[in-house]
$ cat work-v7.cif   # mmCIF, C-alpha atoms
data_data
#
loop_
_atom_site.label_atom_id
_atom_site.label_comp_id
_atom_site.auth_asym_id
_atom_site.auth_seq_id
_atom_site.Cartn_x
_atom_site.Cartn_y
_atom_site.Cartn_z
CA MET A 5 83.28 43.14 104.27
CA ARG A 6 83.33 44.11 100.64
CA ARG A 7 81.45 47.35 101.35
CA THR A 8 83.85 48.27 104.17
CA GLY A 9 86.88 47.57 102.00
CA THR A 10 85.50 49.67 99.15
CA TRP A 11 84.76 52.55 101.53
CA LEU A 12 88.27 52.47 102.99
CA CYS A 13 89.84 52.50 99.52
CA LEU A 14 87.74 55.51 98.56
CA VAL A 15 88.77 57.33 101.73
CA VAL A 16 92.45 56.74 100.95
CA LEU A 17 92.02 57.97 97.36
CA LEU A 18 90.12 61.05 98.55
CA VAL A 19 92.81 62.07 101.03
CA MET A 20 95.73 61.29 98.70
CA GLY A 21 94.17 63.31 95.88
CA ALA A 22 93.57 66.26 98.19
CA VAL A 23 97.15 66.27 99.47
CA ALA A 24 98.55 66.13 95.95
CA ALA A 25 96.43 69.07 94.84
CA SER A 26 96.73 71.24 97.93
CA THR A 27 99.97 72.99 96.93
CA ALA A 28 98.65 74.00 93.53
CA ALA A 29 95.17 74.92 94.75
CA ALA A 30 95.98 78.35 96.17
CA ALA A 31 97.65 81.18 94.35
CA GLU A 32 100.85 82.74 95.64
CA TYR A 33 101.04 86.51 95.96
CA LYS A 34 103.70 89.19 96.05
CA LEU A 35 105.78 88.89 99.21
CA GLU A 36 107.19 92.44 99.27
CA GLY A 37 105.63 95.87 99.67
CA VAL A 38 102.17 96.86 100.84
CA PRO A 39 99.87 95.67 102.14
CA GLU A 40 101.88 94.47 105.11
CA PHE A 41 101.74 94.06 108.87
CA GLY A 42 104.07 96.27 110.85
CA ARG A 43 104.50 98.98 113.47
CA CYS A 44 104.71 102.75 113.26
CA VAL A 45 107.09 103.72 116.06
CA LEU A 46 108.62 106.91 117.39
CA SER A 47 112.08 107.73 116.06
CA THR A 48 114.78 110.12 117.17
CA PRO A 49 113.18 113.58 116.73
CA HIS A 50 113.42 114.88 113.17
CA GLU A 51 115.22 111.77 111.92
CA GLY A 52 112.23 109.66 111.04
CA GLU A 53 110.96 108.50 107.67
CA TYR A 54 107.34 109.61 108.32
CA ARG A 55 105.82 112.74 109.84
CA GLY A 56 102.69 111.17 111.32
CA ARG A 57 102.00 108.31 113.71
CA LYS A 58 100.16 106.36 110.99
CA CYS A 59 103.29 106.17 108.80
CA VAL A 60 101.49 107.10 105.60
CA SER A 61 102.86 110.63 105.06
CA PRO A 62 106.57 110.65 104.16
CA ALA A 63 108.61 113.30 105.91
CA VAL A 64 110.53 115.86 103.89
CA ALA A 65 114.24 115.00 103.78
CA GLY A 66 113.80 112.32 106.43
CA LYS A 67 112.97 114.80 109.17
CA GLY A 68 109.90 113.09 110.59
CA ASN A 69 109.22 111.68 114.05
CA TYR A 70 108.12 108.14 113.12
CA ASN A 71 109.59 105.07 111.39
CA TRP A 72 107.89 102.06 109.87
CA ILE A 73 109.10 98.64 111.06
CA PRO A 74 107.71 95.78 108.95
CA GLY A 75 106.42 92.70 110.75
CA PRO A 76 105.14 92.02 114.27
CA GLY A 77 106.77 92.98 117.54
CA ALA A 78 107.58 90.93 120.64
CA LYS A 79 103.92 89.99 121.20
CA PRO A 80 102.61 88.70 117.85
CA LYS A 81 99.55 86.66 118.88
CA PHE A 82 95.84 87.40 118.46
CA GLU A 83 92.55 85.78 119.46
CA GLY A 84 88.82 86.12 118.77
CA VAL A 85 85.48 84.48 119.58
CA ILE A 86 83.17 83.09 116.88
CA SER A 87 79.43 82.52 117.05
CA VAL A 88 78.87 80.65 113.77
CA THR A 89 81.15 79.11 111.13
CA LYS A 90 79.76 77.60 107.94
CA PHE A 91 81.13 75.68 104.96
CA GLU A 92 78.46 75.73 102.21
CA THR A 93 78.79 74.29 98.71
CA VAL A 94 77.47 76.28 95.75
CA GLY A 95 75.02 73.51 94.86
CA LYS A 96 73.79 73.38 98.47
CA LYS A 97 74.46 69.65 98.49
CA PHE A 98 76.67 69.60 101.56
CA THR A 99 76.74 72.20 104.35
CA VAL A 100 78.63 72.02 107.63
CA GLN A 101 77.74 74.54 110.32
CA CYS A 102 79.44 75.01 113.71
CA SER A 103 77.67 76.84 116.52
CA PHE A 104 80.64 78.27 118.42
CA GLY A 105 84.39 78.64 118.17
CA VAL A 106 87.61 80.37 119.06
CA ALA A 107 90.13 81.78 116.58
CA ARG A 108 93.78 81.84 117.65
CA GLY A 109 96.64 83.08 115.52
CA GLU A 110 100.00 84.74 115.24
CA TYR A 111 101.51 87.36 112.94
CA LYS A 112 104.53 85.68 111.35
CA SER A 113 105.99 88.26 108.95
CA PRO A 114 105.04 91.47 107.11
CA LYS A 115 102.77 89.47 104.80
CA LYS A 116 101.79 86.34 106.68
CA ALA A 117 100.04 85.02 109.76
CA SER A 118 98.85 81.66 111.05
CA LEU A 119 95.31 80.91 112.22
CA THR A 120 93.61 77.96 113.92
CA LEU A 121 89.85 77.69 114.39
CA GLU A 122 88.64 75.58 117.30
CA LEU A 123 85.04 74.87 116.29
CA VAL A 124 82.36 73.03 118.29
CA GLY A 125 78.76 72.08 117.66
CA CYS A 126 79.52 71.12 114.05
CA ILE A 127 76.71 69.37 112.18
CA ARG A 128 75.47 68.76 108.67
CA PRO A 129 72.05 70.49 108.75
CA GLU A 130 70.68 68.45 105.83
CA THR A 131 71.00 65.20 107.82
CA SER A 132 71.66 66.34 111.43
CA GLN A 133 74.89 64.31 111.38
CA LYS A 134 77.69 65.43 113.66
CA CYS A 135 80.95 66.37 111.89
CA GLN A 136 84.36 65.99 113.53
CA THR A 137 88.07 65.92 112.84
CA THR A 138 88.50 62.85 115.06
CA PRO A 139 85.82 60.49 116.45
CA ALA A 140 87.11 61.14 119.97
CA LYS A 141 85.87 64.76 119.78
CA GLU A 142 82.27 64.62 118.56
CA ALA A 143 81.10 67.65 116.55
CA GLU A 144 84.49 69.39 116.79
CA ILE A 145 86.53 70.55 113.78
CA GLU A 146 89.92 72.27 114.10
CA PRO A 147 91.09 73.65 110.74
CA THR A 148 94.50 75.33 110.55
CA PHE A 149 95.35 78.02 108.00
CA GLU A 150 98.28 80.00 106.71
CA ALA A 151 97.08 83.56 106.12
CA GLU A 152 98.40 86.11 103.63
CA LEU A 153 97.60 89.76 102.96
CA GLY A 154 96.62 91.11 99.53
CA PHE A 155 94.66 93.89 97.87
CA ILE A 156 90.99 93.28 97.17
CA THR A 157 91.07 96.69 95.54
CA GLY A 158 93.98 99.11 95.35
CA GLY A 159 94.12 102.81 94.58
CA SER A 160 93.61 105.80 96.84
CA THR A 161 91.01 104.01 99.01
CA PRO A 162 92.33 100.46 99.15
CA LYS A 163 90.52 97.44 100.53
CA VAL A 164 92.72 94.68 101.95
CA GLY A 165 91.97 91.00 102.35
CA LEU A 166 93.41 88.10 104.31
CA ASP A 167 93.63 84.87 102.33
CA LEU A 168 93.24 81.72 104.46
CA LYS A 169 95.01 78.66 103.02
CA PRO A 170 95.15 75.30 104.80
CA PRO A 171 98.77 74.04 104.58
CA VAL A 172 97.30 70.56 104.14
CA PRO A 173 93.67 69.82 103.21
CA ILE A 174 91.12 70.13 106.00
CA THR A 175 89.76 66.64 106.67
CA PHE A 176 86.82 65.51 108.78
CA THR A 177 83.94 63.05 108.74
CA CYS A 178 80.20 63.51 109.15
CA GLY A 179 78.28 60.77 110.93
CA LEU A 180 79.19 58.43 113.77
CA PRO A 181 78.98 54.64 114.17
CA PRO A 182 76.96 52.54 113.67
CA GLU A 183 76.40 54.49 110.43
CA VAL A 184 79.24 54.71 107.91
CA PRO A 185 80.94 58.13 108.37
CA ILE A 186 81.21 60.36 105.28
CA PRO A 187 84.81 61.55 104.68
CA VAL A 188 85.17 65.19 103.63
CA THR A 189 88.15 67.26 102.51
CA VAL A 190 88.38 71.02 101.96
CA GLU A 191 91.29 72.58 100.04
CA GLY A 192 92.20 75.81 98.28
CA SER A 193 91.75 79.16 100.04
CA ALA A 194 89.18 81.73 101.13
CA ILE A 195 89.60 85.51 101.06
CA GLY A 196 87.93 87.83 103.56
CA SER A 197 88.33 91.54 104.21
CA ILE A 198 90.39 92.87 107.13
CA LYS A 199 90.29 96.37 108.61
CA PRO A 200 91.04 99.04 109.78
CA LEU A 201 93.99 100.04 107.64
CA ASN A 202 96.86 102.48 108.05
CA THR A 203 96.61 102.92 111.79
CA MET A 204 98.06 101.15 114.83
CA VAL A 205 95.21 99.21 116.49
CA GLY A 206 94.62 96.70 119.22
CA SER A 207 92.12 94.66 117.18
CA PHE A 208 91.10 93.86 113.59
CA LYS A 209 87.72 93.04 112.07
CA LEU A 210 87.69 90.04 109.70
CA SER A 211 84.72 89.49 107.38
CA TYR A 212 84.34 86.12 105.65
CA THR A 213 81.05 85.79 103.79
CA ALA A 214 79.88 83.32 101.16
CA PRO A 215 76.19 83.68 100.22
CA GLY A 216 75.09 80.62 98.31
CA GLY A 217 78.55 79.10 98.74
CA LYS A 218 80.32 81.79 96.67
CA GLN A 219 83.11 83.59 98.51
CA VAL A 220 83.05 87.39 98.55
CA PRO A 221 85.53 88.20 97.11
CA GLU A 222 86.79 85.26 95.06
CA GLN A 223 90.17 86.77 94.18
CA PHE A 224 92.64 89.51 94.91
CA GLU A 225 92.93 92.40 92.44
CA GLY A 226 94.76 91.29 89.29
CA GLU A 227 95.10 87.71 90.55
CA PRO A 228 93.39 84.49 89.43
CA LYS A 229 90.27 83.12 91.11
CA ASP A 230 91.22 81.65 94.44
CA THR A 231 88.50 79.73 96.32
CA LEU A 232 87.87 76.59 98.37
CA THR A 233 86.81 73.21 97.00
CA GLN A 234 85.06 70.52 99.02
CA LYS A 235 85.10 66.80 98.19
CA TRP A 236 83.02 64.10 99.82
CA LEU A 237 81.69 60.60 99.25
CA SER A 238 78.05 59.98 98.35
CA GLY A 239 77.73 56.22 98.51
CA VAL A 240 80.66 55.13 96.37
CA GLU A 241 80.64 58.32 94.26
CA LEU A 242 83.20 61.06 94.88
CA LEU A 243 81.57 64.50 94.58
CA SER A 244 83.29 67.87 94.39
CA GLU A 245 82.00 71.46 94.50
CA GLN A 246 83.20 74.95 95.24
CA VAL A 247 82.55 75.75 98.88
CA GLY A 248 82.35 79.07 100.69
CA LEU A 249 83.51 79.94 104.20
CA THR A 250 81.38 82.16 106.42
CA ILE A 251 82.63 83.27 109.85
CA ILE A 252 80.38 85.31 112.12
CA GLY A 253 81.69 87.03 115.23
CA ILE A 254 79.75 87.85 118.39
CA GLU A 255 80.43 91.48 119.19
CA GLU A 256 78.62 93.71 116.69
CA LYS A 257 76.49 93.90 113.56
CA PRO A 258 77.06 92.78 110.83
CA LYS A 259 79.20 90.74 113.20
CA PRO A 260 82.64 90.40 111.68
CA LEU A 261 85.14 88.29 113.58
CA VAL A 262 86.97 90.66 115.94
CA VAL A 263 90.47 89.49 116.84
CA GLU A 264 92.27 91.13 119.74
CA ASN A 265 96.00 91.66 119.29
CA GLU A 266 98.53 91.11 122.07
CA GLU A 267 99.95 94.53 121.23
CA PRO A 268 99.00 97.20 118.66
CA ILE A 269 99.93 96.49 115.06
CA GLU A 270 99.11 98.17 111.74
CA ILE A 271 98.17 97.05 108.25
CA LYS A 272 99.99 99.47 105.98
CA ALA A 273 98.14 99.80 102.67
CA LYS A 274 99.75 102.99 101.33
#

$ encode --input "work-v7.cif" --output "structure tokens"
Amino acid sequence: MRRTGTWLCLVVLLVMGAVAASTAAAAEYKLEGVPEFGRCVLSTPHEGEYRGRKCVSPAVAGKGNYNWIPGPGAKPKFEGVISVTKFETVGKKFTVQCSFGVARGEYKSPKKASLTLELVGCIRPETSQKCQTTPAKEAEIEPTFEAELGFITGGSTPKVGLDLKPPVPITFTCGLPPEVPIPVTVEGSAIGSIKPLNTMVGSFKLSYTAPGGKQVPEQFEGEPKDTLTQKWLSGVELLSEQVGLTIIGIEEKPKPLVVENEEPIEIKAK
């Protein structure tokens, strides 16, 4: 009884601490200007703001054929298929790897989107324990993120990233009865690259890589370091390490996650 009571107290402290820190864990970025989601649409002839269908070349005296409309259109959703997802701590003490998944999301504004990962086949390779959000769904984890655009690098050839931030800490356990499950929380955010830029497209390629548990990149240009942290119980000891997020798609090498848009949309970076 005493061991069970101690474990439950530690679980409560772990979750409460994660919730309290979640708001401060991820940086907030500029909400106006590029990069932003939007649509380059035809205007009344010779009354448009831009002279090309990519909306990157301003028209002289407003006599172009295209206008830029920030934000998504009437069909803002997207979806993609994942082959492997991995959370790996920098000290390689605790890894969780999922063998398949689906990514579903929605463009919410010029800067923001939402994203949910439905992951199955989730285990801790070090111990072969199954990891799950709820015991009723063995080896399934369903993290939800708020996503925000930012510059990885700016300039004439910009590189844009999408920062994934769980609105509340991701929580799951590894191990099933009769063993004592290990509670885990993940908080903060992870940045991955998104492309192509400056053109209306039906799909985007998202690359989230974290060799050795270190996210690439770890921050947006000119912004503070912005990464994920994982906490878990080892016996009665609460451990914490930086953790990286890797997402591998299924369609091409080096296998970024390809998300298909309901309708074409553009990431304007100029």

$ residues_around --input "work-v7.cif" --residues "Cys126 (chain A)" --least-positions-apart "4" --cutoff "12 Å" --atoms "only C-alpha atoms" --output "PDB file with C-alpha atoms, keeping the file's coordinate frame"
ATOM      1  CA  SER A  87      79.430  82.520 117.050  1.00  0.00           C
ATOM      2  CA  VAL A  88      78.870  80.650 113.770  1.00  0.00           C
ATOM      3  CA  THR A  89      81.150  79.110 111.130  1.00  0.00           C
ATOM      4  CA  LYS A  90      79.760  77.600 107.940  1.00  0.00           C
ATOM      5  CA  PHE A  91      81.130  75.680 104.960  1.00  0.00           C
ATOM      6  CA  THR A  99      76.740  72.200 104.350  1.00  0.00           C
ATOM      7  CA  VAL A 100      78.630  72.020 107.630  1.00  0.00           C
ATOM      8  CA  GLN A 101      77.740  74.540 110.320  1.00  0.00           C
ATOM      9  CA  CYS A 102      79.440  75.010 113.710  1.00  0.00           C
ATOM     10  CA  SER A 103      77.670  76.840 116.520  1.00  0.00           C
ATOM     11  CA  PHE A 104      80.640  78.270 118.420  1.00  0.00           C
ATOM     12  CA  GLY A 105      84.390  78.640 118.170  1.00  0.00           C
ATOM     13  CA  GLU A 122      88.640  75.580 117.300  1.00  0.00           C
ATOM     14  CA  SER A 132      71.660  66.340 111.430  1.00  0.00           C
ATOM     15  CA  GLN A 133      74.890  64.310 111.380  1.00  0.00           C
ATOM     16  CA  LYS A 134      77.690  65.430 113.660  1.00  0.00           C
ATOM     17  CA  CYS A 135      80.950  66.370 111.890  1.00  0.00           C
ATOM     18  CA  GLN A 136      84.360  65.990 113.530  1.00  0.00           C
ATOM     19  CA  THR A 137      88.070  65.920 112.840  1.00  0.00           C
ATOM     20  CA  LYS A 141      85.870  64.760 119.780  1.00  0.00           C
ATOM     21  CA  GLU A 142      82.270  64.620 118.560  1.00  0.00           C
ATOM     22  CA  ALA A 143      81.100  67.650 116.550  1.00  0.00           C
ATOM     23  CA  GLU A 144      84.490  69.390 116.790  1.00  0.00           C
ATOM     24  CA  ILE A 145      86.530  70.550 113.780  1.00  0.00           C
ATOM     25  CA  GLU A 146      89.920  72.270 114.100  1.00  0.00           C
ATOM     26  CA  PHE A 176      86.820  65.510 108.780  1.00  0.00           C
ATOM     27  CA  THR A 177      83.940  63.050 108.740  1.00  0.00           C
ATOM     28  CA  CYS A 178      80.200  63.510 109.150  1.00  0.00           C
ATOM     29  CA  GLY A 179      78.280  60.770 110.930  1.00  0.00           C
TER      30      GLY A 179
END

$ atom_distance --input "work-v7.cif" --atom1 "CA of Lys272 (chain A)" --atom2 "CA of Gly42 (chain A)"
7.1 Å

$ resolve_selection --input "work-v7.cif" --expression "the PyMOL selection byres ((chain A and resi 186-199) around 8)" --output "JSON, numbers by chain"
{"A": [15, 18, 19, 22, 26, 29, 30, 156, 163, 164, 165, 166, 167, 168, 169, 170, 172, 173, 174, 175, 176, 177, 178, 179, 184, 185, 200, 201, 208, 209, 210, 211, 212, 213, 219, 220, 221, 222, 223, 224, 230, 231, 232, 233, 234, 235, 236, 237, 238, 248, 249, 271]}

$ resolve_selection --input "work-v7.cif" --expression "the PyMOL selection byres ((chain A and resi 53) around 12)" --output "list in words"
Cys44, Val45, Leu46, Ser47, Thr48, Pro49, His50, Glu51, Gly52, Tyr54, Arg55, Gly56, Arg57, Lys58, Cys59, Val60, Ser61, Pro62, Ala63, Val64, Ala65, Gly66, Lys67, Gly68, Asn69, Tyr70, Asn71, Trp72 and Ile73 of chain A

$ atom_distance --input "work-v7.cif" --atom1 "CA of Glu83 (chain A)" --atom2 "CA of Phe155 (chain A)"
23.2 Å

$ closest_residue --input "work-v7.cif" --among "A:Gly226, A:Gly154, A:Pro171, A:Gly75" --to "Thr120 (chain A)" --atoms "only C-alpha atoms"
A:Pro171

$ closest_residue --input "work-v7.cif" --among "A:Phe98, A:Glu266, A:Ala78, A:Pro260" --to "Ile127 (chain A)" --atoms "all atoms listed in the file"
A:Phe98

$ atom_distance --input "work-v7.cif" --atom1 "CA of Lys112 (chain A)" --atom2 "CA of Phe149 (chain A)"
12.4 Å

$ resolve_selection --input "work-v7.cif" --expression "the PyMOL selection byres ((chain A and resi 81) around 6)" --output "list in words"
Lys79, Pro80, Phe82, Gly109, Glu110 and Glu266 of chain A

$ closest_residue --input "work-v7.cif" --among "A:Phe41, A:Pro74, A:Val85, A:Glu225" --to "Gly158 (chain A)" --atoms "all atoms listed in the file"
A:Glu225

$ closest_residue --input "work-v7.cif" --among "A:Pro76, A:Gly95, A:Pro162, A:Pro215" --to "Asn202 (chain A)" --atoms "all atoms listed in the file"
A:Pro162

$ closest_residue --input "work-v7.cif" --among "A:Lys96, A:Arg108, A:Lys115, A:Arg128" --to "Ala273 (chain A)" --atoms "only C-alpha atoms"
A:Lys115

$ closest_residue --input "work-v7.cif" --among "A:Ala214, A:Ala117, A:Ala140, A:Val205" --to "Ile252 (chain A)" --atoms "all atoms listed in the file"
A:Ala214

$ axis_aligned_box --input "work-v7.cif" --around "region 175-192 of chain A" --padding-each-side "3 Å" --output "JSON"
{"center_x": 84.3, "center_y": 64.2, "center_z": 106.2, "size_x": 21.8, "size_y": 29.3, "size_z": 21.9}

$ decode --input "work-v7.cif" --residues "region 227-248 of chain A" --atoms "C-alpha atoms" --output "short mmCIF file (atom, residue, chain, number, x, y, z; two decimals), in the first residue's frame"
data_model
loop_
_atom_site.label_atom_id
_atom_site.label_comp_id
_atom_site.auth_asym_id
_atom_site.auth_seq_id
_atom_site.Cartn_x
_atom_site.Cartn_y
_atom_site.Cartn_z
CA GLU A 227 14.72 33.81 -30.89
CA PRO A 228 15.66 31.91 -27.72
CA LYS A 229 16.21 28.16 -27.66
CA ASP A 230 12.88 26.42 -27.90
CA THR A 231 12.86 22.62 -27.41
CA LEU A 232 10.96 19.79 -25.75
CA THR A 233 11.58 18.45 -22.24
CA GLN A 234 10.59 14.99 -21.06
CA LYS A 235 10.00 14.01 -17.42
CA TRP A 236 9.48 10.52 -16.07
CA LEU A 237 9.71 8.48 -12.89
CA SER A 238 12.58 6.07 -12.28
CA GLY A 239 11.56 4.27 -9.12
CA VAL A 240 10.71 7.17 -6.84
CA GLU A 241 13.11 9.58 -8.59
CA LEU A 242 11.79 12.20 -11.02
CA LEU A 243 14.12 12.52 -14.03
CA SER A 244 14.11 15.22 -16.69
CA GLU A 245 15.98 15.61 -19.99
CA GLN A 246 15.72 17.47 -23.26
CA VAL A 247 13.93 15.29 -25.79
CA GLY A 248 13.84 15.44 -29.57
#
